[in-house]
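Q: Before I ask anything, here is the structure I am working with.
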Number of protein chains: 2
Amino acid sequence: MILRKKTKPVFIGPVQIGGDAPVVVQSMTCTDTRNIEQTLRQIITLADAGCEIVRVAVPDREAAASFGKIRERSPVPLIADIHFDYHLAIEAIKAGADGIRINPGNIKREMMKEIAHAAGDKGIAIRIGVNAGSVEKDILASYGGPTTQALVESAMRTVRFFEDLGFTALKLSVKSSDVATMVESYRALSNATEYPLHLGVTEAGGIVASAIKSSIGIGMLLYEGIGDTIRVSITGDPVHEVAVAYGILRALHVREVGPDIISCPTCGRCEFDVAGVLDEVEKRLSGMKTYMKIAIMGCPVNGPGEAAEADIGIAGGRGTGLLFKKGKVVKRLKDKELVETLIQEIRRISGE
Amino acid sequence: MILRKKTKPVFIGPVQIGGDAPVVVQSMTCTDTRNIEQTLRQIITLADAGCEIVRVAVPDREAAASFGKIRERSPVPLIADIHFDYHLAIEAIKAGADGIRINPGNIKREMMKEIAHAAGDKGIAIRIGVNAGSVEKDILASYGGPTTQALVESAMRTVRFFEDLGFTALKLSVKSSDVATMVESYRALSNATEYPLHLGVTEAGGIVASAIKSSIGIGMLLYEGIGDTIRVSITGDPVHEVAVAYGILRALHVREVGPDIISCPTCGRCEFDVAGVLDEVEKRLSGMKTYMKIAIMGCPVNGPGEAAEADIGIAGGRGTGLLFKKGKVVKRLKDKELVETLIQEIRRISGE
């Protein structure tokens with residue numbers, strides 16, 4: 001069992017982050033924010049996939065205006081992502097943003113003050129989103145580069161600035177594209193503060209590359225009880241970010257959402273198309289929210305035993321196969337009936 | 001820096017595992033071993049991708065005979081995977097196996113003795129490959145299921161059996177499809193023994209699902225200095241196992257092999273097809289062995305700075321883009337020249 005570190009809760013709309021809330025899944029749109037319909041479509045797709053908060057870039061005034069219209073119709077709370085220009089933060093807050101993300105490396109102190117006042121008036125939270133690629137120059141000079149200490153100092157210095165203004169609805173992140181730097185930075189930050197932490201490996205690459213880096217970094221921290229909300233960064237359709245995020249949470253039983261499909265890697269013993277069946281089962285169960293451990297095994301001799309931990313599973317081979325539950329054979333079937341029977345049984349149990 | 005735990009080295013052919021050897025990448029064929037040509041083709045593909053040891057299932061006499069013919073022509077050492085029937089181990093050893101994997105849950109003691117003698121005569125190593133799905137019944141009964149303690153006891157009891165026979169060319173694994181069980185089992189095993197450890201999450205699913213589970217489990221252990229060889233289990237073409245394995249090793253700088261491509265997830269600021277370019281660059285550099293941190297960024301304003309840690313990178317946007325090295329702009333280019341220039345420059349530097 002993972003003992004989660006207690007943090008001070010903040011709210012993004014109705015969604016609690018930190019405290020005793022479950023670890024929240026976030027993503028970010030990659031559409032042109034000025035394109036309201038396209039951006040809304042992406043937000044809805046993300047929400048349908050289980051994304052609980054969506055971040056939207058607000059790079060200019062036109063985007064800020066669109067942000068307001070998008071917010072009105074969004075099914076989930078929206079965070080406005082602000083760089084350089086504090087006016088955009090103010091506009092986004094007026095337009096109904098549920099939270100603001102700023103990067104202390106590119107927003108001046110006087111501007112942060114204005115943002116703190118506007119956010120404070122509306123009662124919304126701010127993420128201090130430090131990024132190894134854009135740490136303040138004086139901090140970089142002190143530490144000789146974007147080291148763990150530099151990232152933490154950037155975050156904590158900004159925390160003190162907000163606290164001095166009386167603003168404490170904060171959450172923090174210290175992202176790096178280097179997994180070890182990211183892990184060490186969050187560990188140090190978690191020791192230094194009780195504000196909730198938003199975990200992520202930045203610029204993590206495509207689906208598989210990001211799944212590797214994000215799973216190591218986010219996974220290791222979650223397993224230590226660190227982290228209140230996570231965002232997996234993937235270049236491409238952000239809906240994959242949500243799938244990988246829940247995959248990480250599910251693998252560590254931090255949140256049991258969706259099917260956990262286990263399957264043997266197949267070997268020279270295998271006479272059943274495990275890969276093809278896995279692919280079909282994954283596709284047909286995509287979007288399912290009920291947690292269930294499902295096994296696809298290539299061998300009726302070893303399969304049910306090897307997958308005894310699975311709630312339900314099939315094992316195929318030489319034309320006939322088995323449907324089993326918790327290691328016990330429930331039905332003997334023809335190979336070609338296996339998938340259909342499995343899916344029907346899963347739908348019956350889950351009610352989805 | 002990761003401080004690796006010192007283990008007693010064993011050899012699989014010329015490949016050292018443990019001691020001060022680098023973490024070795026393994027995979028397993030999923031072809032019918034009796035099909036010599038198909039199996040050899042898969043072994044060669046795996047070897048070309050950087051796989052250093054390949055395991056081959058030997059489920060029957062015919063497969064054992066094929067194994068010998070495959071071994072003669074294999075470019076990398078081969079391990080024979082044996083279940084139930086010790087005769088197959090003896091046959092495989094005679095046929096030139098560089099190592100044997102047995103599962104203590106399904107091979108009787110008297111049979112293990114025969115295998116130890118045959119392996120000892122040839123001077124080859126044995127992996128005691130415990131699997132949560134097939135732990136010995138008496139151990140399951142003692143511990144009430146395939147718990148961490150049960151997995152470790154299964155491995156250590158078998159270790160003592162081999163040691164009593166004077167056989168110590170051992171490596172050990174305690175795999176589970178549950179990541180936390182796997183991590184805790186290997187941690188306990190690493191405390192209990194100095195034999196080298198083979199890490200893996202079993203029945204990990206398809207590419208992305210396995211990348212998630214394997215990266216958390218294997219990554220966390222490697223980061224703690226545990227693990228001498230790794231196998232990522234993926235249902236499907238095993239060549240993906242090798243790619244994910246090196247991705248994990250690279251992410252933690254355990255072994256710097258191949259390009260580390262970082263790329264921004266893109267946002268509403270982006271006017272460059274980062275996903276498409278990433279895809280093209282990944283494809284064109286597939287198979288490259290030189291380590292290099294390469295950045296694909298969607299913004300010429302922030303890109304070079306955000307990716308200052310990259311050895312080389314491009315940042316595109318609004319028709320023109322930049323080629324940069326270590327955060328410094330080297331060339332200003334048209335968007336459509338970016339990929340070609342980047343690839344040429346990478347090839348020039350790597351000599352690949």
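Chains: A, B, ... in order of the structure tokens. Residues: from 1 per chain. Ligands: from 1, in order shown.
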As a count of residues only, please: the residues near stretch 296-308 of chain A (cut-off 9 Å, only C-alpha atoms, same-chain neighbours under 3 positions excluded).
A: 41
Q: Taking 5 positions as the minimum chain separation for residues in the same chain, which residues sit within 12 Å of B:Arg73 when counting only C-alpha atoms? Answer as a CSV table (one decimal) with N, CA, C and O atoms, in the first residue's frame.
A:
```csv
chain,number,residue,atom,x,y,z
B,36,ILE,N,12.8,-23.6,-38.1
B,36,ILE,CA,14.2,-23.1,-38.0
B,36,ILE,C,14.4,-21.7,-38.6
B,36,ILE,O,14.9,-20.8,-38.0
B,37,GLU,N,14.0,-21.6,-39.9
B,37,GLU,CA,14.3,-20.4,-40.7
B,37,GLU,C,13.6,-19.2,-40.1
B,37,GLU,O,14.1,-18.1,-39.9
B,39,THR,N,12.4,-18.8,-37.0
B,39,THR,CA,13.0,-18.5,-35.7
B,39,THR,C,14.3,-17.7,-35.9
B,39,THR,O,14.6,-16.7,-35.2
B,40,LEU,N,15.2,-18.2,-36.8
B,40,LEU,CA,16.5,-17.6,-37.0
B,40,LEU,C,16.3,-16.1,-37.5
B,40,LEU,O,17.0,-15.2,-37.1
B,41,ARG,N,15.3,-16.0,-38.4
B,41,ARG,CA,15.0,-14.6,-38.9
B,41,ARG,C,14.7,-13.7,-37.7
B,41,ARG,O,15.1,-12.6,-37.7
B,43,ILE,N,15.5,-14.0,-34.6
B,43,ILE,CA,16.7,-13.8,-33.8
B,43,ILE,C,17.6,-12.8,-34.4
B,43,ILE,O,18.1,-11.9,-33.7
B,44,ILE,N,17.8,-12.9,-35.7
B,44,ILE,CA,18.7,-11.9,-36.4
B,44,ILE,C,18.1,-10.5,-36.3
B,44,ILE,O,18.8,-9.5,-36.0
B,66,SER,N,15.6,-28.7,-33.4
B,66,SER,CA,15.7,-27.4,-34.1
B,66,SER,C,16.5,-26.4,-33.4
B,66,SER,O,17.3,-25.7,-34.0
B,67,PHE,N,16.4,-26.4,-32.1
B,67,PHE,CA,17.2,-25.5,-31.3
B,67,PHE,C,18.7,-25.6,-31.6
B,67,PHE,O,19.4,-24.6,-31.7
B,68,GLY,N,19.2,-26.8,-31.7
B,68,GLY,CA,20.6,-27.0,-32.0
B,68,GLY,C,21.0,-26.4,-33.4
B,68,GLY,O,22.0,-25.7,-33.5
B,78,LEU,N,22.1,-18.0,-27.1
B,78,LEU,CA,20.7,-18.5,-26.9
B,78,LEU,C,20.4,-19.2,-25.6
B,78,LEU,O,21.2,-20.0,-25.2
B,96,GLY,N,23.9,-27.2,-27.5
B,96,GLY,CA,24.7,-26.0,-27.6
B,96,GLY,C,24.1,-24.8,-26.9
B,96,GLY,O,24.5,-23.6,-27.1
```
Q: Looking at A:Pro196, A:Gly247, A:Gly166, A:Pro104, which one is nearest to A:Asp228, with distances taken over only C-alpha atoms?
A: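 Checking each of A:Pro196, A:Gly247, A:Gly166, A:Pro104 against A:Asp228, counting only C-alpha atoms, the winner is A:Pro196.
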Q: Looking only at helix (DSSP H, G or I) from DSSP on the backbone, list the matching residues of stretch 26-166 of chain A as a VMD selection string.
A: chain A and resid 36 to 48 61 to 73 86 to 94 109 to 122 132 to 134 137 to 143 148 to 164
Q: Nearest residue to chain A out of B:His87, B:Lys293, B:Arg318, B:Arg101, using only C-alpha atoms?
A: B:Lys293
Q: Suppose you want the space between atom CA of B:Leu172 and atom CA of B:Leu46; what is it in Å?
A: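 Going from atom CA of B:Leu172 over to atom CA of B:Leu46, I get 22.8 Å.
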Q: If you measure from atom CA of B:Thr181 to atom CA of B:Ile218, what distance in Å do you get, rounded to one decimal?
A: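 Spanning atom CA of B:Thr181 to atom CA of B:Ile218 is a straight-line distance of 12.1 Å.
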Q: If we count only C-alpha atoms and set the cut-off at 12 Å, which residues sit around A:Leu151, ignoring sequence neighbours fewer than 4 positions away in its own chain? Please answer as a PyMOL selection string.
A: chain A and resi 103-105+128-137+139-140+142-147+155-158+172-176+181-189
Q: Could you write out the selected residues, including N, CA, C and O atoms, as a compact mmCIF listing (two decimals), in the first residue's frame?
A:
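Result file selection_35.txt:
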```txt
# COMPACT_ATOMS: atom_id res chain seq x y z
N ASN A 103 4.69 30.30 -15.71
CA ASN A 103 6.07 29.80 -15.68
C ASN A 103 6.92 30.92 -15.09
O ASN A 103 7.08 31.97 -15.72
N PRO A 104 7.46 30.74 -13.88
CA PRO A 104 8.17 31.85 -13.23
C PRO A 104 9.40 32.30 -14.02
O PRO A 104 9.91 33.39 -13.77
N GLY A 105 9.83 31.47 -14.97
CA GLY A 105 10.98 31.83 -15.77
C GLY A 105 10.69 32.90 -16.81
O GLY A 105 11.60 33.49 -17.38
N ILE A 128 2.45 27.17 -10.19
CA ILE A 128 3.80 27.65 -10.49
C ILE A 128 4.49 26.52 -11.24
O ILE A 128 4.87 25.52 -10.66
N GLY A 129 4.55 26.69 -12.54
CA GLY A 129 5.02 25.60 -13.40
C GLY A 129 6.44 25.84 -13.86
O GLY A 129 6.67 26.42 -14.91
N VAL A 130 7.39 25.36 -13.06
CA VAL A 130 8.80 25.52 -13.42
C VAL A 130 9.16 24.48 -14.48
O VAL A 130 8.70 23.34 -14.43
N ASN A 131 9.97 24.92 -15.43
CA ASN A 131 10.39 24.04 -16.50
C ASN A 131 11.90 24.17 -16.67
O ASN A 131 12.41 25.28 -16.77
N ALA A 132 12.58 23.03 -16.69
CA ALA A 132 14.06 23.06 -16.75
C ALA A 132 14.58 23.91 -17.90
O ALA A 132 15.66 24.48 -17.82
N GLY A 133 13.79 24.00 -18.97
CA GLY A 133 14.23 24.75 -20.14
C GLY A 133 14.09 26.25 -20.02
O GLY A 133 14.55 26.99 -20.90
N SER A 134 13.45 26.73 -18.96
CA SER A 134 13.21 28.18 -18.88
C SER A 134 13.30 28.70 -17.44
O SER A 134 12.50 29.52 -17.02
N VAL A 135 14.30 28.23 -16.72
CA VAL A 135 14.52 28.70 -15.35
C VAL A 135 15.09 30.13 -15.41
O VAL A 135 15.79 30.48 -16.36
N GLU A 136 14.78 30.93 -14.40
CA GLU A 136 15.28 32.31 -14.33
C GLU A 136 16.81 32.33 -14.47
O GLU A 136 17.51 31.51 -13.90
N LYS A 137 17.29 33.33 -15.19
CA LYS A 137 18.72 33.42 -15.50
C LYS A 137 19.60 33.48 -14.25
O LYS A 137 20.66 32.86 -14.20
N ILE A 139 19.05 32.27 -11.33
CA ILE A 139 19.10 30.96 -10.66
C ILE A 139 20.00 30.01 -11.44
O ILE A 139 20.82 29.29 -10.86
N LEU A 140 19.86 30.04 -12.77
CA LEU A 140 20.72 29.20 -13.61
C LEU A 140 22.19 29.52 -13.34
O LEU A 140 23.03 28.62 -13.23
N SER A 142 23.47 30.83 -10.59
CA SER A 142 23.87 30.37 -9.25
C SER A 142 24.19 28.89 -9.21
O SER A 142 25.09 28.46 -8.50
N TYR A 143 23.40 28.11 -9.93
CA TYR A 143 23.53 26.65 -9.81
C TYR A 143 24.27 26.03 -10.99
O TYR A 143 24.45 24.82 -11.04
N GLY A 144 24.66 26.87 -11.95
CA GLY A 144 25.43 26.35 -13.08
C GLY A 144 24.59 25.56 -14.07
O GLY A 144 25.12 24.73 -14.81
N GLY A 145 23.27 25.78 -14.07
CA GLY A 145 22.42 25.08 -15.04
C GLY A 145 21.12 24.67 -14.39
O GLY A 145 20.89 24.96 -13.21
N PRO A 146 20.23 24.02 -15.16
CA PRO A 146 18.91 23.65 -14.61
C PRO A 146 19.00 22.38 -13.77
O PRO A 146 18.44 21.35 -14.11
N THR A 147 19.72 22.47 -12.66
CA THR A 147 19.87 21.33 -11.77
C THR A 147 18.62 21.17 -10.90
O THR A 147 17.75 22.04 -10.87
N ALA A 155 10.94 27.28 -7.93
CA ALA A 155 9.58 27.07 -7.41
C ALA A 155 9.41 27.72 -6.05
O ALA A 155 8.45 28.46 -5.81
N MET A 156 10.35 27.48 -5.16
CA MET A 156 10.18 27.93 -3.78
C MET A 156 10.31 29.46 -3.65
O MET A 156 9.63 30.07 -2.82
N ARG A 157 11.16 30.05 -4.46
CA ARG A 157 11.27 31.51 -4.45
C ARG A 157 9.94 32.13 -4.89
O ARG A 157 9.48 33.12 -4.32
N THR A 158 9.32 31.52 -5.88
CA THR A 158 8.04 32.03 -6.36
C THR A 158 6.94 31.78 -5.33
O THR A 158 6.05 32.61 -5.14
N LEU A 172 2.33 23.19 -7.53
CA LEU A 172 3.69 23.38 -8.03
C LEU A 172 4.12 22.24 -8.96
O LEU A 172 3.70 21.09 -8.78
N SER A 173 4.95 22.60 -9.92
CA SER A 173 5.59 21.56 -10.73
C SER A 173 7.01 21.97 -11.05
O SER A 173 7.33 23.16 -11.13
N VAL A 174 7.87 20.98 -11.20
CA VAL A 174 9.28 21.20 -11.56
C VAL A 174 9.64 20.16 -12.61
O VAL A 174 10.21 19.11 -12.33
N LYS A 175 9.27 20.46 -13.85
CA LYS A 175 9.43 19.47 -14.92
C LYS A 175 10.79 19.58 -15.61
O LYS A 175 11.35 20.65 -15.74
N SER A 176 11.24 18.43 -16.06
CA SER A 176 12.46 18.36 -16.85
C SER A 176 12.25 17.27 -17.88
O SER A 176 11.43 16.38 -17.68
N THR A 181 16.51 13.96 -13.20
CA THR A 181 16.42 15.34 -12.71
C THR A 181 15.01 15.62 -12.20
O THR A 181 14.81 16.22 -11.14
N MET A 182 14.03 15.15 -12.97
CA MET A 182 12.63 15.35 -12.59
C MET A 182 12.34 14.65 -11.26
O MET A 182 11.76 15.23 -10.34
N VAL A 183 12.74 13.40 -11.13
CA VAL A 183 12.46 12.64 -9.90
C VAL A 183 13.12 13.31 -8.70
O VAL A 183 12.48 13.53 -7.67
N GLU A 184 14.39 13.66 -8.83
CA GLU A 184 15.10 14.27 -7.70
C GLU A 184 14.51 15.63 -7.35
O GLU A 184 14.43 15.99 -6.17
N SER A 185 14.08 16.38 -8.37
CA SER A 185 13.51 17.70 -8.11
C SER A 185 12.20 17.60 -7.34
O SER A 185 11.97 18.34 -6.38
N TYR A 186 11.34 16.68 -7.76
CA TYR A 186 10.07 16.52 -7.05
C TYR A 186 10.28 15.97 -5.64
O TYR A 186 9.57 16.34 -4.71
N ARG A 187 11.23 15.07 -5.49
CA ARG A 187 11.50 14.56 -4.13
C ARG A 187 11.90 15.72 -3.22
O ARG A 187 11.39 15.85 -2.10
N ALA A 188 12.81 16.56 -3.71
CA ALA A 188 13.29 17.69 -2.90
C ALA A 188 12.15 18.68 -2.65
O ALA A 188 11.99 19.20 -1.54
N LEU A 189 11.35 18.92 -3.68
CA LEU A 189 10.24 19.86 -3.54
C LEU A 189 9.22 19.35 -2.53
O LEU A 189 8.69 20.11 -1.71
```
Q: In terms of the shortest atom-to-atom distance over only C-alpha atoms, which of A:Val201, A:Val257, A:Ala21, A:Ile230 is closest to chain B?
A: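 Comparing A:Val201, A:Val257, A:Ala21, A:Ile230 against chain B, the winner is A:Val201.
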Q: So which one's closest to chain B, A:Arg231, A:Lys6, A:Arg127, A:Arg71? Using only C-alpha atoms, please.
A: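 Of A:Arg231, A:Lys6, A:Arg127, A:Arg71, the one nearest chain B is A:Arg231, counting only C-alpha atoms.
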Q: Could you check how far atom CA of A:Ile53 sits from atom CA of A:Arg4, in Å to one decimal?
A: 21.0 Å
Q: Could you give me the residues within stretch 228-351 of chain B that DSSP places in strand (DSSP E or B), as number ranges by chain?
A: B: 229-231, 259-263, 292-297, 312-317, 320-325, 328-334
Q: I want to know what sits within 12 Å of A:Cys51, based on only C-alpha atoms, with residues of the same chain fewer than 5 positions away left out; could you give that as an MDAnalysis selection string?
A: chainID A and resid 15 23:29 42:46 75:78 229:232 238:246 257 287 289
